[in-house]
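Below: the structure, in structure tokens.
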Amino acid sequence: MRGRYVSGLWLALTCSGLAGVSPAKIDSITLERTWCNGTCPIYTVTVRRDGTVTYDGEEYVKVRGHRSRKISTEQFQQLLREIQRIGFFKLKDEYTSKEHPDGSFETVTDLPSAITTVRTGKTRKRIKNYYGGPESLAEFENLVDKIAGSSAWTGNSQPVIH
């Protein structure tokens, strides 16, 4: 019976994408900034373990299309330390509203989303931060942009706040 419990627990953790996640196993970090009711930059940037950064600009950006560059191993390591520090793999998969201490919720419309995906082999953790996510998550999103050098392509050097 104990063997079945352990097997079931291993299967549940594996399916959740959280089993054995350590910074050393992270292959890539992708940040996607989405549409809003306005002129929000729409683009995707991916940072890989080998230091490759790829950018795909869609709309309201200085550079449309595909670009790439390299970052240092230390810069990628900085992102891995932040993932660990903020408990990325323990955060919710989606943030769409703010909950107040009295239990009420606040929602807004027409904001862009930041979608962050961390990949480890065939597993991934994806977080959609539309509104109300932890400040540490927004700071991490901005750090990805900073390290990737996104502002050179987007023309937007201001941090994004959710």
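Residues in the structure tokens are named by chain (A, B, ... in the order shown) and by number from 1 within that chain; ligands are numbered from 1 in the order shown.
Every protein, DNA or RNA residue with an atom at most 12 Å from Glu139 in chain A, where only C-alpha atoms count and chain neighbours fewer than 2 positions away do not, is listed here: Leu79, Glu82, Ile83, Arg85, Ile86, Phe88, Ala114, Thr116, Asn129, Gly133, Pro134, Glu135, Ser136, Leu137, Glu141, Asn142, Leu143, Val144, Asp145, Lys146, Pro159, Val160, Ile161 and His162 of chain A.
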Store the residues of this selection in a file with C-alpha atoms, as a PDB file, in the first residue's frame.
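The result, stored in part.pdb:
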ATOM      1  CA  LEU A  79      17.159  35.217 -12.978  1.00  0.00           C
ATOM      2  CA  GLU A  82      15.061  35.445  -8.343  1.00  0.00           C
ATOM      3  CA  ILE A  83      12.846  32.520  -9.353  1.00  0.00           C
ATOM      4  CA  ARG A  85      13.669  33.908  -3.983  1.00  0.00           C
ATOM      5  CA  ILE A  86      10.089  34.734  -4.986  1.00  0.00           C
ATOM      6  CA  PHE A  88       7.870  31.204  -8.484  1.00  0.00           C
ATOM      7  CA  ALA A 114       2.426  39.588 -18.454  1.00  0.00           C
ATOM      8  CA  THR A 116       5.824  34.266 -17.611  1.00  0.00           C
ATOM      9  CA  ASN A 129      -0.360  38.239 -14.324  1.00  0.00           C
ATOM     10  CA  GLY A 133      -0.300  39.499  -8.655  1.00  0.00           C
ATOM     11  CA  PRO A 134       2.357  39.828  -5.974  1.00  0.00           C
ATOM     12  CA  GLU A 135       4.742  42.757  -6.300  1.00  0.00           C
ATOM     13  CA  SER A 136       7.628  40.279  -6.353  1.00  0.00           C
ATOM     14  CA  LEU A 137       6.214  38.738  -9.557  1.00  0.00           C
ATOM     15  CA  GLU A 141       8.918  40.305 -14.950  1.00  0.00           C
ATOM     16  CA  ASN A 142      10.705  43.658 -15.093  1.00  0.00           C
ATOM     17  CA  LEU A 143      14.025  41.969 -14.280  1.00  0.00           C
ATOM     18  CA  VAL A 144      13.531  39.574 -17.209  1.00  0.00           C
ATOM     19  CA  ASP A 145      12.985  42.600 -19.456  1.00  0.00           C
ATOM     20  CA  LYS A 146      16.039  44.359 -18.030  1.00  0.00           C
ATOM     21  CA  PRO A 159       9.041  49.248 -15.574  1.00  0.00           C
ATOM     22  CA  VAL A 160       5.542  47.842 -15.882  1.00  0.00           C
ATOM     23  CA  ILE A 161       3.381  47.844 -12.753  1.00  0.00           C
ATOM     24  CA  HIS A 162       0.303  45.627 -12.342  1.00  0.00           C
TER      25      HIS A 162
END
For the structure I just gave you, how does DSSP split range 57-142 of chain A - specifically, which residues are strand (DSSP E or B)? Reply as a PDB file with C-alpha atoms, in the first residue's frame.
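Saved file out.pdb follows:
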ATOM      1  CA  GLY A  57       7.940  42.187 -31.470  1.00  0.00           C
ATOM      2  CA  GLU A  58       4.364  42.457 -32.693  1.00  0.00           C
ATOM      3  CA  GLU A  59       2.803  45.883 -32.140  1.00  0.00           C
ATOM      4  CA  GLY A  65       9.898  40.967 -35.887  1.00  0.00           C
ATOM      5  CA  HIS A  66      12.609  38.651 -34.609  1.00  0.00           C
ATOM      6  CA  ARG A  67      15.866  39.705 -32.949  1.00  0.00           C
ATOM      7  CA  SER A  68      18.424  37.945 -30.767  1.00  0.00           C
ATOM      8  CA  ARG A  69      21.391  38.674 -28.559  1.00  0.00           C
ATOM      9  CA  LYS A  70      23.491  37.009 -25.859  1.00  0.00           C
ATOM     10  CA  GLU A  94      -3.258  33.311 -12.803  1.00  0.00           C
ATOM     11  CA  TYR A  95      -3.861  36.693 -11.191  1.00  0.00           C
ATOM     12  CA  LYS A  98      -6.954  41.981  -5.969  1.00  0.00           C
ATOM     13  CA  GLU A  99      -8.473  40.624  -2.795  1.00  0.00           C
ATOM     14  CA  PHE A 105     -12.354  41.857  -4.739  1.00  0.00           C
ATOM     15  CA  GLU A 106     -11.200  44.609  -7.054  1.00  0.00           C
ATOM     16  CA  ALA A 114       2.426  39.588 -18.454  1.00  0.00           C
ATOM     17  CA  ILE A 115       2.693  35.858 -19.033  1.00  0.00           C
ATOM     18  CA  THR A 116       5.824  34.266 -17.611  1.00  0.00           C
ATOM     19  CA  THR A 117       6.747  30.689 -18.469  1.00  0.00           C
ATOM     20  CA  VAL A 118       9.639  28.797 -16.898  1.00  0.00           C
ATOM     21  CA  ARG A 119      10.615  25.556 -18.620  1.00  0.00           C
ATOM     22  CA  THR A 120      12.505  22.604 -17.215  1.00  0.00           C
ATOM     23  CA  THR A 123       7.607  20.536 -17.851  1.00  0.00           C
ATOM     24  CA  ARG A 124       6.708  24.166 -17.418  1.00  0.00           C
ATOM     25  CA  LYS A 125       5.148  26.619 -14.999  1.00  0.00           C
ATOM     26  CA  ARG A 126       3.121  29.406 -16.600  1.00  0.00           C
ATOM     27  CA  ILE A 127       1.793  32.428 -14.702  1.00  0.00           C
ATOM     28  CA  LYS A 128      -0.578  34.960 -16.212  1.00  0.00           C
ATOM     29  CA  ASN A 129      -0.360  38.239 -14.324  1.00  0.00           C
TER      30      ASN A 129
END
Practice problem: Considering only C-alpha atoms, state which residue in the set A:Gln75, A:Thr46, A:Asn37, A:Gln84 is at the smallest distance from Ala24 in chain A. | Solution: A:Gln84
Exercise. Taking the chain letters and numbering used in this document, name the residues of range 19-153 of chain A that DSSP puts in alpha helix (DSSP H), as a ChimeraX atom specification.
Key: /A:73-86,135-148,151-153
Self-check item: Surrounding residues of range 107-111 of chain A excluding itself and chain neighbours under 3 positions, 9 Å, only C-alpha atoms, as a ChimeraX atom specification
Solution: /A:34-38,40,96-98,130-132,162
Using only C-alpha atoms, which residues of range 9-82 of chain A come within 9 Å of range 152-156 of chain A, and what is the closest atom pair for each, with the distance in Å to one decimal? Give it as a Markdown table, sorted by chain and residue number.
| residue | atom | partner | partner_atom | distance |
| --- | --- | --- | --- | --- |
| A:Pro41 | CA | A:Thr154 | CA | 6.6 |
| A:Ile42 | CA | A:Thr154 | CA | 8.5 |
| A:Tyr43 | CA | A:Thr154 | CA | 8.0 |
| A:Tyr55 | CA | A:Trp153 | CA | 8.1 |
| A:Gly57 | CA | A:Thr154 | CA | 7.4 |
| A:Tyr60 | CA | A:Thr154 | CA | 7.6 |
| A:Val61 | CA | A:Thr154 | CA | 4.3 |
| A:Lys62 | CA | A:Thr154 | CA | 4.8 |
| A:Val63 | CA | A:Trp153 | CA | 5.0 |
| A:Arg64 | CA | A:Trp153 | CA | 7.9 |
| A:Arg67 | CA | A:Trp153 | CA | 8.3 |
Store the residues of this selection in a file with N, CA and C atoms, as a PDB file, in the first residue's frame.
ATOM      1  N   PRO A  41       3.076  47.865 -25.509  1.00  0.00           N
ATOM      2  CA  PRO A  41       3.950  47.044 -26.352  1.00  0.00           C
ATOM      3  C   PRO A  41       3.544  45.572 -26.292  1.00  0.00           C
ATOM      4  N   ILE A  42       3.469  44.941 -27.454  1.00  0.00           N
ATOM      5  CA  ILE A  42       3.110  43.528 -27.543  1.00  0.00           C
ATOM      6  C   ILE A  42       4.326  42.787 -28.085  1.00  0.00           C
ATOM      7  N   TYR A  43       4.884  41.931 -27.247  1.00  0.00           N
ATOM      8  CA  TYR A  43       6.097  41.210 -27.638  1.00  0.00           C
ATOM      9  C   TYR A  43       6.317  40.010 -26.736  1.00  0.00           C
ATOM     10  N   TYR A  55      13.754  37.663 -29.187  1.00  0.00           N
ATOM     11  CA  TYR A  55      12.695  38.669 -29.064  1.00  0.00           C
ATOM     12  C   TYR A  55      11.833  38.597 -30.309  1.00  0.00           C
ATOM     13  N   GLY A  57       8.774  41.006 -31.656  1.00  0.00           N
ATOM     14  CA  GLY A  57       7.940  42.187 -31.470  1.00  0.00           C
ATOM     15  C   GLY A  57       6.762  42.183 -32.412  1.00  0.00           C
ATOM     16  N   TYR A  60       3.171  48.122 -31.371  1.00  0.00           N
ATOM     17  CA  TYR A  60       3.489  49.202 -30.432  1.00  0.00           C
ATOM     18  C   TYR A  60       4.892  49.042 -29.846  1.00  0.00           C
ATOM     19  N   VAL A  61       5.802  48.562 -30.670  1.00  0.00           N
ATOM     20  CA  VAL A  61       7.207  48.406 -30.286  1.00  0.00           C
ATOM     21  C   VAL A  61       8.079  49.140 -31.305  1.00  0.00           C
ATOM     22  N   LYS A  62       9.267  49.482 -30.907  1.00  0.00           N
ATOM     23  CA  LYS A  62      10.227  50.150 -31.789  1.00  0.00           C
ATOM     24  C   LYS A  62      10.681  49.214 -32.916  1.00  0.00           C
ATOM     25  N   VAL A  63      10.882  47.939 -32.581  1.00  0.00           N
ATOM     26  CA  VAL A  63      11.348  46.948 -33.554  1.00  0.00           C
ATOM     27  C   VAL A  63      10.331  45.816 -33.641  1.00  0.00           C
ATOM     28  N   ARG A  64       9.759  45.631 -34.823  1.00  0.00           N
ATOM     29  CA  ARG A  64       8.871  44.497 -35.067  1.00  0.00           C
ATOM     30  C   ARG A  64       9.692  43.343 -35.612  1.00  0.00           C
ATOM     31  N   ARG A  67      14.501  39.258 -33.236  1.00  0.00           N
ATOM     32  CA  ARG A  67      15.866  39.705 -32.949  1.00  0.00           C
ATOM     33  C   ARG A  67      16.456  38.752 -31.909  1.00  0.00           C
TER      34      ARG A  67
END
Practice problem: Measuring atom to atom with only C-alpha atoms, identify which of A:Thr30, A:Ser113, A:Ser150, A:Thr73 is nearest to Arg49 in chain A. | Solution: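 For Arg49 in chain A, the nearest of the given residues is A:Thr73.
Relative to CA of Asp27 in chain A, CA of Arg48 in chain A is found at 5.9 Å.
Nearest to Ser28 in chain A of all the residues A:Ser157, A:Lys122, A:Ser104, A:Asp56 is A:Lys122, based on only C-alpha atoms.
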Self-check item: Gap from CA of Val47 in chain A to CA of Ile29 in chain A - Å, one decimal
Solution: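 Distance between the two atoms: 5.3 Å.
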Exercise. Go ahead and compute the interatomic distance for CA of Glu74 in chain A and CA of Leu91 in chain A, in Å to one decimal.
Key: 24.7 Å
